[in-house]
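Undergrad: Just passing along the structure, written as structure tokens.
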Amino acid sequence: MDYLRAFIVGGTICLIGQILMDKTSLTPARILVSFVTAGVILGALGIYDPIFEYGKAGASVPLPGFGYALAKGTIKEVQQNGLIGAFTGGIKATSAGIAAAIFFGYLMAIIFNPKAKS
Amino acid sequence: MKTLRMEGDCMEHTNEERLKKEFQDMVKRSAPSSNFLKDCLAAFVVGGLICVIGQFVMNFFINMGIPKEEVGYYVATIMVFLGAFLTGIGVYDNIGKFAGAGSIVPITGFSNSIVAPAMEFKREGFVFGVGAKMFVIAGPVLVYGISSSVIVGIIYYIMNLFK
């Protein structure tokens with residue numbers, strides 16, 4: 001059941017991205033930026049909570065889930081530590097993803113070479 | 001039909017537009033069966049399947065006894081690794097050709113956006129090539145994501161002052 005929900009929620013988020021790409025000629029980079037920012041806003045307003053509760057990885061794996069984690073981490077940290085939490089909370093909550101992206105990204109780029117374009 | 005929307009920040013001149021149009025026509029001709037609905041279906045299915053893999057990783061670590069608040073770290077790390085590795089061996093780009101947004105929107109697409117330009121610009125050296133170009137797309141994502149979360153934090157703090 002988890003898997004079906006993850007499939008539907010994750011698929012729907014990607015579908016929205018595809019519609020935006022086809023109908024507005026937004027570039028992939030702009031899609032990524034707007035989806036993360038949308039995740040932050042939806043997370044801050046509490047709208048993404050039920051989506052995450054329902055979809056689990058289907059909501060956390062797509063980029064809005066990254067923004068959601070940023071917003072939730074920030075709010076939690078502000079509750080605990082005050083204003084400084086606005087600066088510490090977001091990156092703390094997403095630290096694993098960011099560090100992994102930098103480390104594995106660098107590693108793979110060093111190891112592999114781009115395939116010759118045919 | 002796709003309309004070319006002019007974006008204020010780009011230095012498009014007529015030549016570039018003509019090339020773009022030719023390219024789009026070429027894409028249309030070479031893939032006559034490819035249409036909007038097919039794109040959408042591919043994005044939905046592939047994006048959904050990537051999330052199913054994420055769910056599998058999540059369930060695996062929950063069963064290992066990882067607390068729920070921390071399991072997100074594991075899922076993000078593994079998915080980012082998979083995206084980076086599949087990009088390295090050249091598989092992810094093939095998925096992307098078929099899946100469009102289905103491969104861009106998941107976090108695996110985020111790591112793809114790091115590895116692909118980093119590999120491409122390796123010949124420009126390890127500092128300004130790999131080190132700098134890996135953030136061509138990931139950089140803006142982090143800038144806007146983190147900045148907006150800081151703003152959220154400040155607003156939240158101020159709102160609590162007046163409670």
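Each chain in the structure tokens gets a letter, A, B, ..., in the order shown, and its residues are numbered from 1; ligands are numbered from 1 in order too.
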Which neighbours of B:Gly72 fall inside 8 Å, counting only C-alpha atoms, when residues of the same chain fewer than 3 positions from it are skipped, and could you give them as a list in words?
TA: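 That gives Ser60 of chain A; Met58, Lys68, Glu69, Val75 and Ala76 of chain B.
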Undergrad: Name the residues in contact with A:Gly85 at a cut-off of 8 Å, using only C-alpha atoms, excluding same-chain residues fewer than 4 positions from it; report them as JSON, numbers by chain.
TA: {"A": [74, 75, 76, 77, 78, 79, 80, 81, 89], "B": [153]}
Undergrad: Write the residues of the preceding selection, restricted to C-alpha atoms, as a PDB file, in the first residue's frame.
TA:
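To be explicit, this is the file written out as again_5.pdb:
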```pdb
ATOM      1  CA  THR A  74      13.785  25.709   9.868  1.00  0.00           C
ATOM      2  CA  ILE A  75      10.521  25.984  11.792  1.00  0.00           C
ATOM      3  CA  LYS A  76      11.517  23.244  14.236  1.00  0.00           C
ATOM      4  CA  GLU A  77      14.869  24.889  14.875  1.00  0.00           C
ATOM      5  CA  VAL A  78      13.315  28.361  15.364  1.00  0.00           C
ATOM      6  CA  GLN A  79      10.978  26.828  17.948  1.00  0.00           C
ATOM      7  CA  GLN A  80      13.927  25.359  19.814  1.00  0.00           C
ATOM      8  CA  ASN A  81      16.672  27.952  19.426  1.00  0.00           C
ATOM      9  CA  GLY A  89      17.465  24.526  10.663  1.00  0.00           C
TER      10      GLY A  89
ATOM     11  CA  GLY B 153      12.228  31.020   9.577  1.00  0.00           C
TER      12      GLY B 153
END
```
Undergrad: Once you count only C-alpha atoms, which residues of chain B turn out to be within 7 Å of chain A? Could you give them as a ChimeraX atom specification?
TA: /B:2,4-5,40,43-45,47-49,51-52,54-55,73,76-77,80-81,84-85,88-90,100-102,104-107,111,114-115,118-120,137,140-141,144-146,148-150,152-154,156-157
